[in-house]
$ cat upload04.cif   # mmCIF, C-alpha atoms and all ligand atoms
data_work
loop_
_atom_site.label_atom_id
_atom_site.label_comp_id
_atom_site.auth_asym_id
_atom_site.auth_seq_id
_atom_site.Cartn_x
_atom_site.Cartn_y
_atom_site.Cartn_z
CA MET A 1137 25.74 3.41 35.11
CA ILE A 1138 23.11 4.95 37.36
CA THR A 1139 20.15 2.91 38.56
CA LEU A 1140 16.64 3.93 37.57
CA CYS A 1141 13.41 3.63 39.53
CA SER A 1142 12.07 0.08 39.44
CA ASP A 1143 8.63 1.18 38.19
CA PRO A 1144 8.51 0.14 34.50
CA ASN A 1145 6.79 3.40 33.59
CA CYS A 1146 9.23 5.67 35.38
CA ASN A 1147 12.58 6.93 34.04
CA LEU A 1148 13.69 8.86 37.11
CA LYS A 1149 16.62 7.79 39.27
CA ALA A 1150 16.08 5.11 41.89
CA ASN A 1151 14.75 6.46 45.20
CA HIS A 1152 13.63 9.70 43.55
CA LYS A 1153 11.35 12.08 45.43
CA GLY A 1154 7.84 12.88 44.30
CA ALA A 1155 5.66 11.21 41.67
CA HIS A 1156 6.88 8.70 39.08
CA SER A 1157 7.49 10.11 35.61
CA PHE A 1158 8.14 8.44 32.27
CA ILE A 1159 9.28 11.71 30.74
CA TYR A 1160 12.61 13.15 31.86
CA LYS A 1161 14.01 15.53 29.25
CA LYS A 1162 16.70 16.81 31.58
CA ALA A 1163 18.55 13.66 30.53
CA TRP A 1164 19.78 15.76 27.60
CA THR A 1165 18.59 19.36 28.17
CA ASP A 1166 20.94 19.77 31.17
CA LEU A 1167 23.99 19.48 28.90
CA PHE A 1168 22.82 20.28 25.35
CA ASN A 1169 23.22 23.69 23.72
CA ASP A 1170 20.07 25.61 22.76
CA ASP A 1171 20.19 24.71 19.07
CA ASP A 1172 20.34 21.01 19.84
CA ILE A 1173 17.59 21.23 22.48
CA ASN A 1174 15.45 23.02 19.92
CA LYS A 1175 16.19 20.43 17.24
CA ILE A 1176 14.98 17.64 19.55
CA GLN A 1177 11.94 19.66 20.56
CA LYS A 1178 10.96 20.18 16.92
CA ALA A 1179 11.33 16.48 16.18
CA GLY A 1180 8.57 15.95 18.74
CA TYR A 1181 6.27 18.28 16.79
CA CYS A 1182 4.08 17.56 13.83
CA THR A 1183 5.52 18.98 10.62
CA PRO A 1184 3.35 21.47 8.73
CA ARG A 1185 1.87 18.94 6.35
CA GLY A 1186 -1.72 19.18 5.22
CA GLY A 1187 -1.76 22.74 6.44
CA ALA A 1188 -4.38 25.16 7.62
CA LYS A 1189 -6.63 24.46 4.63
CA GLY A 1190 -7.37 21.03 6.01
CA GLY A 1191 -8.10 22.37 9.49
CA TYR A 1192 -4.79 20.95 10.71
CA GLN A 1193 -2.75 22.23 13.64
CA ASN A 1194 0.96 22.68 13.15
CA HIS A 1195 3.94 23.01 15.49
CA VAL A 1196 2.26 21.14 18.32
CA ASN A 1197 3.38 17.95 20.02
CA ARG A 1198 2.65 14.63 18.34
CA ASN A 1199 0.60 13.54 21.33
CA SER A 1200 -2.40 15.60 20.24
CA LYS A 1201 -5.89 14.96 18.94
CA VAL A 1202 -5.78 13.75 15.32
CA ILE A 1203 -7.99 14.32 12.29
CA ILE A 1204 -9.08 11.15 10.50
CA PRO A 1205 -10.34 11.78 6.96
CA TYR A 1206 -13.63 9.92 6.53
CA GLU A 1207 -12.29 7.97 3.52
CA LYS A 1208 -9.36 6.69 5.63
CA LEU A 1209 -11.56 5.21 8.39
CA PRO A 1210 -11.48 1.62 7.05
CA GLU A 1211 -7.67 1.49 7.31
CA VAL A 1212 -7.09 3.12 10.70
CA ASN A 1213 -7.14 1.61 14.17
CA LEU A 1214 -8.85 4.31 16.23
CA GLU A 1215 -7.49 2.82 19.45
CA ASN A 1216 -4.01 3.99 18.39
CA TYR A 1217 -4.97 7.60 19.09
CA ARG A 1218 -4.89 7.93 22.87
CA ASP A 1219 -5.21 11.70 22.74
CA GLY A 1220 -8.45 11.54 20.81
CA TYR A 1221 -9.56 11.88 17.22
CA VAL A 1222 -12.15 13.66 15.14
CA ILE A 1223 -13.45 12.49 11.75
CA ARG A 1224 -13.33 14.96 8.86
CA ILE A 1225 -16.18 14.61 6.33
CA PHE A 1226 -16.56 16.59 3.10
CA PRO A 1227 -20.03 17.96 2.24
CA SER A 1228 -20.29 15.67 -0.80
CA GLN A 1229 -19.56 12.68 1.44
CA TYR A 1230 -22.22 13.67 3.97
CA PHE A 1231 -25.05 15.04 1.81
CA SER A 1232 -26.63 13.52 -1.30
CA SER A 1233 -28.36 16.85 -2.04
CA LYS A 1234 -29.26 20.02 -0.19
CA HIS A 1235 -30.08 19.13 3.45
CA VAL A 1236 -30.40 15.44 2.58
CA VAL A 1237 -28.04 13.33 4.68
CA ARG A 1238 -26.71 10.18 3.04
CA ASP A 1239 -28.10 6.89 4.33
CA GLU A 1240 -24.77 5.77 5.79
CA PHE A 1241 -24.90 8.62 8.34
CA ARG A 1242 -28.54 8.20 9.38
CA ASN A 1243 -29.01 6.19 12.55
CA ASN A 1244 -25.24 5.82 12.63
CA ASN A 1245 -24.00 5.78 16.22
CA SER A 1246 -20.30 5.64 15.41
CA ILE A 1247 -20.00 8.78 13.29
CA ILE A 1248 -21.93 11.76 14.63
CA VAL A 1249 -21.32 15.24 13.24
CA GLY A 1250 -21.07 17.59 16.22
CA GLU A 1251 -19.71 14.86 18.47
CA ASN A 1252 -16.84 12.92 16.91
CA ALA A 1253 -17.01 14.33 13.38
CA PHE A 1254 -17.17 17.65 11.53
CA VAL A 1255 -17.92 18.71 7.96
CA LEU A 1256 -15.20 20.68 6.19
CA TYR A 1257 -16.23 23.24 3.56
CA ARG A 1258 -13.45 24.17 1.18
CA THR A 1259 -15.40 25.76 -1.71
CA TYR A 1260 -18.24 28.26 -2.10
CA GLU A 1261 -19.92 25.85 -4.45
CA ASP A 1262 -20.25 23.19 -1.74
CA PHE A 1263 -21.28 25.80 0.82
CA GLU A 1264 -24.13 26.94 -1.46
CA THR A 1265 -25.31 23.66 -2.96
CA LEU A 1266 -24.77 21.43 0.11
CA PRO A 1267 -25.12 23.94 2.97
CA PRO A 1268 -24.90 23.11 6.67
CA LEU A 1269 -28.13 21.86 8.26
CA PRO A 1270 -30.25 24.70 9.75
CA ASP A 1271 -29.49 23.78 13.37
CA TRP A 1272 -25.73 23.41 12.82
CA SER A 1273 -23.10 25.78 14.16
CA ILE A 1274 -19.45 26.48 13.34
CA ARG A 1275 -16.88 24.48 15.30
CA SER A 1276 -15.60 26.13 18.47
CA ILE A 1277 -13.56 25.31 21.56
CA LEU A 1278 -14.72 25.72 25.14
CA LYS A 1279 -12.31 25.69 28.09
CA PHE A 1280 -13.22 24.31 31.50
CA ASP A 1281 -14.20 26.90 34.12
CA GLU A 1282 -12.98 25.67 37.52
CA THR A 1283 -15.35 27.84 39.53
CA ARG A 1284 -18.48 26.98 37.55
CA GLN A 1285 -17.30 23.38 36.99
CA GLU A 1286 -18.37 23.40 33.36
CA TYR A 1287 -16.97 23.97 29.86
CA CYS A 1288 -18.03 27.52 29.07
CA ILE A 1289 -14.99 29.72 28.31
CA PRO A 1290 -14.58 30.27 24.55
CA SER A 1291 -10.99 29.66 23.41
CA ASP A 1292 -9.07 29.93 20.17
CA ASN A 1293 -6.50 27.27 21.03
CA ARG A 1294 -6.56 23.63 22.00
CA SER A 1295 -4.33 23.74 25.09
CA GLY A 1296 -5.58 22.75 28.53
CA ASN A 1297 -8.86 21.15 29.50
CA ILE A 1298 -11.12 21.80 26.50
CA ILE A 1299 -14.00 20.36 24.53
CA ASP A 1300 -14.95 20.82 20.90
CA CYS A 1301 -18.42 21.99 19.92
CA GLY A 1302 -20.17 22.70 16.66
CA HIS A 1303 -20.61 20.87 13.39
CA TYR A 1304 -18.67 22.42 10.53
CA LEU A 1305 -15.51 24.28 9.64
CA LEU A 1306 -14.98 26.83 6.87
CA ARG A 1307 -11.69 26.84 4.98
CA ILE A 1308 -12.95 28.45 1.82
CA SER A 1309 -10.39 30.09 -0.44
CA ASN A 1310 -11.31 32.57 -3.10
CA SER A 1311 -11.03 30.51 -6.26
CA GLY A 1312 -10.31 33.59 -8.35
CA THR A 1313 -13.41 33.42 -10.55
CA ASN A 1314 -15.67 34.98 -7.93
CA LYS A 1315 -15.04 38.17 -6.00
CA LYS A 1316 -15.90 36.67 -2.65
CA GLN A 1317 -13.75 36.78 0.45
CA ASN A 1318 -11.83 33.88 1.86
CA ARG A 1319 -13.71 32.42 4.79
CA PHE A 1320 -11.61 30.77 7.49
CA GLU A 1321 -13.93 30.13 10.42
CA GLY A 1322 -13.56 27.73 13.30
CA PRO A 1323 -10.31 26.63 15.00
CA ALA A 1324 -7.85 23.98 13.79
CA GLN A 1325 -9.27 20.58 14.68
CA GLY A 1326 -6.24 18.38 15.22
CA ILE A 1327 -3.01 17.06 13.74
CA PHE A 1328 -2.21 14.95 10.69
CA ALA A 1329 -2.91 11.43 12.02
CA PRO A 1330 0.17 9.64 10.54
CA GLU A 1331 2.38 12.00 12.60
CA TYR A 1332 0.82 10.90 15.89
CA ALA A 1333 2.79 9.40 18.78
CA ASP A 1334 1.66 9.14 22.37
CA ALA A 1335 3.62 11.21 24.91
CA ASN A 1336 5.81 8.34 26.12
CA THR A 1337 6.65 7.12 22.62
CA ASN A 1338 7.42 10.69 21.60
CA PHE A 1339 9.77 10.99 24.58
CA LEU A 1340 11.61 7.77 23.69
CA CYS A 1341 12.01 8.93 20.07
CA GLN A 1342 13.46 12.20 21.36
CA SER A 1343 15.80 10.27 23.69
CA VAL A 1344 17.08 8.26 20.71
CA LEU A 1345 17.54 11.43 18.65
CA ALA A 1346 19.44 13.09 21.51
CA TRP A 1347 21.71 10.03 21.74
CA LEU A 1348 22.30 10.22 17.98
CA ILE A 1349 23.28 13.90 18.30
CA ILE A 1350 25.85 12.93 20.95
CA LYS A 1351 27.23 10.34 18.50
CA THR A 1352 27.62 12.70 15.52
CA GLU A 1353 31.09 13.42 14.12
CA ASP A 1354 32.79 16.31 15.96
CA SER A 1355 30.07 16.28 18.62
CA PRO A 1356 30.86 18.65 21.50
CA TYR A 1357 29.44 16.11 23.95
CA ASN A 1358 30.96 13.14 25.78
CA GLU A 1359 28.88 10.00 25.97
CA SER A 1360 30.11 9.40 29.51
CA ASP A 1361 28.43 12.64 30.70
CA PHE A 1362 25.00 11.26 29.75
CA GLU A 1363 24.64 8.38 32.18
CA HIS A 1364 20.98 9.07 32.88
CA LEU A 1365 20.11 9.15 29.16
CA GLN A 1366 22.03 5.90 28.63
CA ALA A 1367 20.16 4.32 31.54
CA ILE A 1368 16.80 5.35 30.02
CA LEU A 1369 17.76 3.95 26.62
CA ALA A 1370 19.03 0.74 28.22
CA LYS A 1371 15.79 0.34 30.21
CA HIS A 1372 13.81 0.37 26.93
CA GLY A 1373 16.18 -1.78 24.89
CA LEU A 1374 17.40 1.18 22.87
CA LEU A 1375 21.01 1.60 23.99
CA ASN A 1376 22.75 -1.25 22.20
CA SER A 1377 19.95 -2.35 19.90
CA PRO A 1378 21.36 -4.04 16.76
CA HIS A 1379 18.97 -2.05 14.55
CA TYR A 1380 21.21 1.05 14.77
CA GLU A 1381 24.12 -0.55 12.90
CA ASN A 1382 21.95 -2.86 10.75
CA ASP A 1383 19.91 0.09 9.48
CA PHE A 1384 22.91 2.41 9.14
CA ILE A 1385 21.43 4.83 11.67
CA ILE A 1386 24.85 4.44 13.29
CA HIS A 1387 27.93 3.04 11.55
CA ASN A 1388 31.08 2.12 13.48
CA GLY A 1389 29.73 4.09 16.43
CA LYS A 1390 29.06 7.32 14.48
CA THR A 1391 25.65 8.71 13.47
CA THR A 1392 25.01 8.25 9.75
CA CYS A 1393 22.32 9.11 7.21
CA PRO A 1394 20.53 5.79 6.60
CA LEU A 1395 19.98 6.46 2.91
CA CYS A 1396 23.38 7.66 1.64
CA GLN A 1397 25.30 6.21 4.62
CA ARG A 1398 27.51 9.28 4.99
CA VAL A 1399 28.62 10.25 8.50
CA ILE A 1400 26.70 13.20 9.96
CA LYS A 1401 28.76 16.05 11.39
CA HIS A 1402 27.48 17.89 14.42
CA SER A 1403 27.90 21.22 12.60
CA GLU A 1404 25.51 20.05 9.86
CA LEU A 1405 22.56 19.54 12.23
CA ASN A 1406 21.55 23.18 12.31
CA GLU A 1407 23.19 24.36 9.09
CA LEU A 1408 20.62 26.03 6.86
CA ILE A 1409 20.30 25.17 3.20
CA SER A 1410 18.18 26.95 0.69
CA PHE A 1411 15.97 24.79 -1.48
CA GLU A 1412 16.95 26.68 -4.59
CA ASP A 1413 20.56 25.66 -4.03
CA GLU A 1414 19.84 22.03 -3.48
CA GLU A 1415 19.15 19.73 -6.34
CA GLY A 1416 16.34 17.36 -5.50
CA LEU A 1417 14.52 19.54 -3.02
CA GLU A 1418 12.20 21.28 -5.45
CA ASN A 1419 9.25 19.06 -4.63
CA SER A 1420 9.54 19.36 -0.92
CA THR A 1421 9.15 23.14 -0.88
CA GLU A 1422 5.47 22.63 -1.59
CA GLN A 1423 5.08 20.10 1.18
CA VAL A 1424 6.67 22.09 3.96
CA GLY A 1425 5.64 25.50 2.67
CA SER A 1426 9.06 26.92 3.25
CA THR A 1427 12.09 27.58 1.13
CA ARG A 1428 14.65 26.84 3.78
CA SER A 1429 15.48 23.76 5.76
CA THR A 1430 18.26 22.55 7.99
CA LYS A 1431 20.73 20.28 6.21
CA ILE A 1432 19.90 17.40 8.56
CA ASN A 1433 16.30 16.52 9.44
CA LEU A 1434 14.33 13.90 11.29
CA PHE A 1435 14.37 10.82 9.08
CA HIS A 1436 11.82 7.99 9.24
CA MET A 1437 12.99 4.52 8.18
CA VAL A 1438 9.40 3.55 7.39
CA PRO A 1439 7.08 6.15 5.82
CA LEU A 1440 4.34 7.51 8.06
CA CYS A 1441 0.87 6.28 7.14
CA TYR A 1442 -2.68 5.89 8.44
CA ALA A 1443 -2.66 2.11 8.87
CA SER A 1444 -0.10 1.95 11.68
CA LEU A 1445 1.95 4.17 13.96
CA GLU A 1446 5.47 4.46 12.54
CA ASN A 1447 6.96 7.34 14.53
CA ILE A 1448 8.53 4.90 16.96
CA PRO A 1449 11.98 4.85 18.62
CA THR A 1450 13.46 2.06 16.48
CA GLN A 1451 12.51 3.83 13.24
CA VAL A 1452 13.71 7.39 13.81
CA SER A 1453 17.11 8.76 12.92
CA TRP A 1454 18.81 11.84 11.47
CA GLY A 1455 19.26 12.12 7.72
CA HIS A 1456 19.97 14.65 5.00
CA ALA A 1457 17.02 16.82 3.92
CA THR A 1458 17.94 15.94 0.33
CA CYS A 1459 17.98 12.21 1.10
CA ASN A 1460 14.58 12.51 2.80
CA THR A 1461 13.16 14.14 -0.31
CA ARG A 1462 14.67 11.57 -2.66
CA LEU A 1463 13.33 8.72 -0.56
CA GLY A 1464 9.83 10.20 -0.56
CA GLN A 1465 7.09 7.93 0.73
CA ARG A 1466 9.21 4.79 0.53
CA GLN A 1467 10.74 2.60 3.16
CA CYS A 1468 14.49 3.02 3.59
CA PHE A 1469 16.02 -0.45 3.23
CA SER A 1470 19.51 -1.11 4.52
CA TYR A 1471 21.93 -3.47 2.81
CA PHE A 1472 21.34 -5.83 5.73
CA ASP A 1473 17.53 -5.80 5.14
CA LEU A 1474 17.96 -6.47 1.43
CA GLN A 1475 20.47 -9.29 1.95
CA ASN A 1476 17.84 -10.98 4.10
CA ILE A 1477 15.17 -10.57 1.44
CA ASP A 1478 17.78 -12.13 -0.87
CA ILE A 1479 16.89 -11.00 -4.38
CA GLU A 1480 20.16 -10.47 -6.22
CA VAL A 1481 20.50 -7.89 -8.94
CA GLU A 1482 23.13 -8.65 -11.59
CA ILE A 1483 24.71 -6.54 -14.25
CA ARG A 1484 26.54 -7.75 -17.34
CA GLU A 1485 29.96 -6.29 -18.05
CA SER A 1486 31.05 -7.41 -21.54
CA LYS A 1487 30.29 -11.12 -21.13
CA LYS A 1488 30.73 -11.48 -17.41
CA ARG A 1489 27.88 -11.25 -14.93
CA ARG A 1490 28.53 -9.45 -11.69
CA ILE A 1491 26.30 -9.05 -8.66
CA LEU A 1492 25.34 -5.40 -8.45
CA GLY A 1493 23.48 -5.68 -5.17
CA TYR A 1494 20.20 -6.69 -3.65
CA THR A 1495 16.63 -5.44 -4.06
CA ASN A 1496 13.37 -5.52 -2.10
CA ALA A 1497 10.27 -7.55 -2.99
CA ALA A 1498 8.71 -4.65 -4.91
CA LYS A 1499 12.03 -4.26 -6.78
CA ASN A 1500 11.98 -0.50 -6.51
CA PHE A 1501 14.97 -0.16 -4.18
CA ILE A 1502 18.45 -1.56 -4.92
CA ARG A 1503 21.55 -1.25 -2.81
CA SER A 1504 25.07 -2.40 -3.61
CA GLU A 1505 27.60 -3.67 -1.11
CA ASN A 1506 29.46 -0.35 -1.14
CA GLY A 1507 26.32 1.57 -0.24
CA ASP A 1508 25.18 2.91 -3.62
CA VAL A 1509 21.39 3.19 -3.87
CA TRP A 1510 19.01 3.05 -6.79
CA ILE A 1511 15.39 4.05 -6.20
CA ARG A 1512 12.83 3.61 -8.94
CA ILE A 1513 11.07 6.92 -9.25
CA SER A 1514 8.77 6.15 -12.19
CA LYS A 1515 5.04 6.16 -11.65
CA GLY A 1516 4.60 2.44 -11.41
CA ASP A 1517 6.49 2.02 -8.19
CA GLU A 1518 3.82 2.68 -5.59
ZN ZN A 1601 9.68 6.32 39.79
ZN ZN A 1602 22.03 11.21 3.19
#
$ encode --input "upload04.cif" --output "structure tokens"
Amino acid sequence: MITLCSDPNCNLKANHKGAHSFIYKKAWTDLFNDDDINKIQKAGYCTPRGGAKGGYQNHVNRNSKVIIPYEKLPEVNLENYRDGYVIRIFPSQYFSSKHVVRDEFRNNNSIIVGENAFVLYRTYEDFETLPPLPDWSIRSILKFDETRQEYCIPSDNRSGNIIDCGHYLLRISNSGTNKKQNRFEGPAQGIFAPEYADANTNFLCQSVLAWLIIKTEDSPYNESDFEHLQAILAKHGLLNSPHYENDFIIHNGKTTCPLCQRVIKHSELNELISFEDEEGLENSTEQVGSTRSTKINLFHMVPLCYASLENIPTQVSWGHATCNTRLGQRQCFSYFDLQNIDIEVEIRESKKRRILGYTNAAKNFIRSENGDVWIRISKGDE
């Protein structure tokens, strides 16, 4: 195996020229085909959840500024978001009546509309009854001007050295009862916070996903050709980590779907399926706003949430789009996990009792020894 630079934050080869770098995507892009490179690239992007109506950006890297909904503030750790954050406040949260700011925002130094927060208008009713304050302006982006050494170039995108200005955003849809126009004013403000990962974490997740592509059934790649990738994974404890087999991310050395435990074929990675054809995908069409998906998608072992960052290298894998949808916002427990929790589930066959499998503490996820899964989908499970 090749030797890497001794700097803990560098993944280049030992004695490399130039600056240290944590990120080295050539570890897989040098040998991968375009479809596979693209698949890894997309896994590093935020998925189109929340959408434009919330002022969210889509199809940008996870290491981007995030939007924190005001009501989620108590459960988030703002220090998690190294690429910045902005707080989204609805008019009814900010104003008690026309131009009257609620007490909690007066003399409040931690939430300041126009600095680290913006008000999002989504209906004409709010815009008319709780209008922006007279001195407020619509959100905008200014790029840095190198010659003038100040932020003064208006921009419609968030790339490069920019700052946000203004106080409110309009994402008002015509509700149908009035004849007014839709009003979409002000640029997207950031990404869906649960999707966030800093640049280095995002890179390690992508390295794991590249490794899992190499280990699919019928993969066109040889593990031995990816010495640099293996060295990176080894440096971060991700090459031979027991979690792969314990969580059924890999089984007997082959990449598997952690939910149904079936082996993933390389040809399935970029195979398109239509939602209409696939039982169980009906609900997800609304979420992703698309009617087509690849058969195999990025799969999170632990659902993404506001309270903690879960897009991390030990919790990402590839899984079936249908399995992802069936799992929903639940943790994917492996048989190994459930055995350790140790709550047996029995069934009675005539008069004999037989162990069916094991369940989690919430008893909404059961797995048998042979891999069958039962997920409680009724309302009471979350
Ligand atoms: Zn280095
Ligand atoms: Zn599956």
$ closest_atom_pairs --input "upload04.cif" --of "chain A" --to "ligand ZN 1601 (chain A)" --cutoff "10 Å" --atoms "all atoms listed in the file" --output "tab-separated table"
residue	atom	partner	partner_atom	distance
A:Leu1140	CA	A:ZN1601	ZN	7.7
A:Cys1141	CA	A:ZN1601	ZN	4.6
A:Ser1142	CA	A:ZN1601	ZN	6.7
A:Asp1143	CA	A:ZN1601	ZN	5.5
A:Pro1144	CA	A:ZN1601	ZN	8.2
A:Asn1145	CA	A:ZN1601	ZN	7.4
A:Cys1146	CA	A:ZN1601	ZN	4.5
A:Asn1147	CA	A:ZN1601	ZN	6.5
A:Leu1148	CA	A:ZN1601	ZN	5.5
A:Lys1149	CA	A:ZN1601	ZN	7.1
A:Ala1150	CA	A:ZN1601	ZN	6.8
A:Asn1151	CA	A:ZN1601	ZN	7.4
A:His1152	CA	A:ZN1601	ZN	6.4
A:Lys1153	CA	A:ZN1601	ZN	8.2
A:Gly1154	CA	A:ZN1601	ZN	8.2
A:Ala1155	CA	A:ZN1601	ZN	6.6
A:His1156	CA	A:ZN1601	ZN	3.7
A:Ser1157	CA	A:ZN1601	ZN	6.1
A:Phe1158	CA	A:ZN1601	ZN	8.0
$ atom_distance --input "upload04.cif" --atom1 "atom CA of A:Asn1476" --atom2 "atom CA of A:Leu1340"
27.8 Å
$ residues_around --input "upload04.cif" --residues "stretch 1437-1449 of chain A" --least-positions-apart "3" --cutoff "10 Å" --atoms "all atoms listed in the file" --output "PyMOL selection string"
chain A and resi 1180+1198+1204-1205+1208-1214+1216-1217+1328-1334+1337-1345+1369+1372+1374+1383+1385+1394-1395+1434+1452-1455+1460+1463-1470
$ residues_near_ligand --input "upload04.cif" --ligand "ligand ZN 1602 (chain A)" --cutoff "12 Å" --atoms "all atoms listed in the file" --output "PyMOL selection string"
chain A and resi 1384-1385+1391-1401+1404+1431-1435+1453-1463+1468+1507-1509
$ residues_around --input "upload04.cif" --residues "A:Leu1269" --least-positions-apart "6" --cutoff "10 Å" --atoms "all atoms listed in the file" --output "ChimeraX atom specification"
/A:1231,1234-1237,1303-1304
$ write_last_selection --input "upload04.cif" --atoms "C-alpha atoms" --output "PDB file, in the frame of the given file"
ATOM      1  CA  PHE A1231     -25.050  15.040   1.810  1.00  0.00           C
ATOM      2  CA  LYS A1234     -29.260  20.020  -0.190  1.00  0.00           C
ATOM      3  CA  HIS A1235     -30.080  19.130   3.450  1.00  0.00           C
ATOM      4  CA  VAL A1236     -30.400  15.440   2.580  1.00  0.00           C
ATOM      5  CA  VAL A1237     -28.040  13.330   4.680  1.00  0.00           C
ATOM      6  CA  HIS A1303     -20.610  20.870  13.390  1.00  0.00           C
ATOM      7  CA  TYR A1304     -18.670  22.420  10.530  1.00  0.00           C
TER       8      TYR A1304
END
$ closest_residue --input "upload04.cif" --among "A:Ala1335, A:Leu1256, A:Ala1179, A:Ile1368" --to "A:Lys1162" --atoms "all atoms listed in the file"
A:Ile1368
$ residues_around --input "upload04.cif" --residues "A:His1402" --least-positions-apart "3" --cutoff "12 Å" --atoms "all atoms listed in the file" --output "MDAnalysis selection string"
chainID A and resid 1169 1171:1172 1175 1346 1348:1357 1390:1392 1399 1405:1407 1431:1432 1454
$ closest_residue --input "upload04.cif" --among "A:Tyr1260, A:Tyr1221, A:Tyr1471, A:Tyr1192" --to "A:Lys1316" --atoms "all atoms listed in the file"
A:Tyr1260
$ closest_residue --input "upload04.cif" --among "A:His1364, A:Lys1189, A:Arg1275, A:Lys1487" --to "A:Thr1165" --atoms "only C-alpha atoms"
A:His1364
$ atom_distance --input "upload04.cif" --atom1 "atom CA of A:Ile1502" --atom2 "atom CA of A:Ser1429"
27.6 Å
$ residues_around --input "upload04.cif" --residues "stretch 1379-1382 of chain A" --least-positions-apart "5" --cutoff "8 Å" --atoms "all atoms listed in the file" --output "list in words"
His1387, Asn1388, Thr1450, Ser1470, Tyr1471, Phe1472 and Asp1473 of chain A
$ write_last_selection --input "upload04.cif" --atoms "C-alpha atoms" --output "PDB file, in the coordinates of the input"
ATOM      1  CA  HIS A1387      27.930   3.040  11.550  1.00  0.00           C
ATOM      2  CA  ASN A1388      31.080   2.120  13.480  1.00  0.00           C
ATOM      3  CA  THR A1450      13.460   2.060  16.480  1.00  0.00           C
ATOM      4  CA  SER A1470      19.510  -1.110   4.520  1.00  0.00           C
ATOM      5  CA  TYR A1471      21.930  -3.470   2.810  1.00  0.00           C
ATOM      6  CA  PHE A1472      21.340  -5.830   5.730  1.00  0.00           C
ATOM      7  CA  ASP A1473      17.530  -5.800   5.140  1.00  0.00           C
TER       8      ASP A1473
END
$ atom_distance --input "upload04.cif" --atom1 "atom CA of A:Phe1362" --atom2 "atom CA of A:Ala1163"
6.9 Å
$ closest_residue --input "upload04.cif" --among "A:Ala1324, A:Asn1297, A:Arg1238, A:Ser1273" --to "A:Ile1203" --atoms "only C-alpha atoms"
A:Ala1324
$ residues_around --input "upload04.cif" --residues "A:Asp1262" --least-positions-apart "6" --cutoff "9 Å" --atoms "only C-alpha atoms" --output "JSON, numbers by chain"
{"A": [1226, 1227, 1228]}
$ axis_aligned_box --input "upload04.cif" --around "stretch 1402-1410 of chain A" --padding-each-side "4 Å" --output "lines of an AutoDock Vina configuration file"
center_x = 23.0
center_y = 22.4
center_z = 7.6
size_x = 17.7
size_y = 17.1
size_z = 21.7
$ residues_near_point --input "upload04.cif" --point "(-8.8, 13.5, 19.7)" --cutoff "10 Å" --atoms "all atoms listed in the file" --output "list in words"
Asn1199, Ser1200, Lys1201, Val1202, Ile1203, Ile1204, Leu1214, Tyr1217, Arg1218, Asp1219, Gly1220, Tyr1221, Val1222, Ile1223, Asn1252, Ile1299, Asp1300, Gln1325, Gly1326, Ile1327 and Ala1329 of chain A
$ closest_residue --input "upload04.cif" --among "A:Cys1182, A:Leu1278, A:Leu1365, A:Ala1253" --to "A:Ile1159" --atoms "only C-alpha atoms"
A:Leu1365
$ closest_residue --input "upload04.cif" --among "A:Thr1139, A:Thr1259, A:Leu1492, A:Ser1295" --to "A:Gln1317" --atoms "only C-alpha atoms"
A:Thr1259
